[in-house]
Amino acid sequence: MAEVKDELFGVVPHLLKMPSNQIWVDYDEDADVLYISFQKPQHADESEMEDNIVYHYRGKDLVGITVIGAKKYGVKDEASSGPGIGLA
């Protein structure tokens with residue numbers, strides 16, 4: 001339980017900096033893709049990709065992020081770290 005709390009507290013400052021008070025998160029384990037939406041529906045009219053991260057915009061507003069190959073971004077190996085709130 002303490003490890004989950006520590007991981008969660010590590011994410012809180014980042015969540016508070018997001019461009020929206022509401023955040024929707026979906027993870028496709030088979031494709032290893034993380035979808036983060038700041039508006040539902042997004043209705044993005046432009047997207048740009050950088051380092052396997054796709055940023056979705058409506059005008060100048062960031063409305064979503066898609067992370068391709070999400071497990072490689074800071075997720076600990078389940079065998080070595082035990083249960084947690086990561087994607088593994």
# chains A, B, ... in the order shown; residues from 1 in each chain; ligands from 1

call {"tool": "residues_around", "arguments": {"residues": "region 27-43 of chain A", "least_positions_apart": "6", "cutoff": "12 Å", "atoms": "only C-alpha atoms", "output": "ChimeraX atom specification"}}
result
/A:15,17-21,52-59,61-73,86-88

call {"tool": "select_by_dssp", "arguments": {"residues": "chain A", "states": "alpha helix (DSSP H)", "output": "tab-separated table (two decimals) with C-alpha atoms, in the first residue's frame"}}
result
chain	number	residue	atom	x	y	z
A	2	ALA	CA	2.84	2.42	0.81
A	3	GLU	CA	4.39	1.91	-2.63
A	4	VAL	CA	1.09	2.73	-4.36
A	5	LYS	CA	0.77	5.86	-2.22
A	6	ASP	CA	4.34	6.93	-3.04
A	7	GLU	CA	3.78	6.43	-6.79
A	8	LEU	CA	0.49	8.29	-6.67
A	9	PHE	CA	1.99	11.22	-4.77
A	10	GLY	CA	4.76	11.36	-7.38
A	11	VAL	CA	2.15	11.84	-10.12
A	12	VAL	CA	-0.02	14.44	-8.35
A	13	PRO	CA	2.17	17.50	-9.14
A	14	HIS	CA	2.15	16.55	-12.83
A	15	LEU	CA	-1.62	16.10	-12.88
A	16	LEU	CA	-2.14	19.50	-11.32
A	78	GLU	CA	6.87	-5.94	-12.39
A	79	ALA	CA	9.10	-8.86	-11.41
A	80	SER	CA	11.60	-6.58	-9.66
A	81	SER	CA	9.25	-4.03	-8.13

call {"tool": "select_by_dssp", "arguments": {"residues": "chain A", "states": "strand (DSSP E or B)", "output": "list of chain:residue names"}}
result
A:Trp24, A:Val25, A:Asp26, A:Tyr27, A:Asp28, A:Val33, A:Leu34, A:Tyr35, A:Ile36, A:Ser37, A:Glu46, A:Ser47, A:Glu48, A:Met49, A:Glu50, A:Ile53, A:Val54, A:Tyr55, A:His56, A:Tyr57, A:Arg58, A:Asp61, A:Leu62, A:Val63, A:Gly64, A:Ile65, A:Thr66, A:Val67, A:Ile68
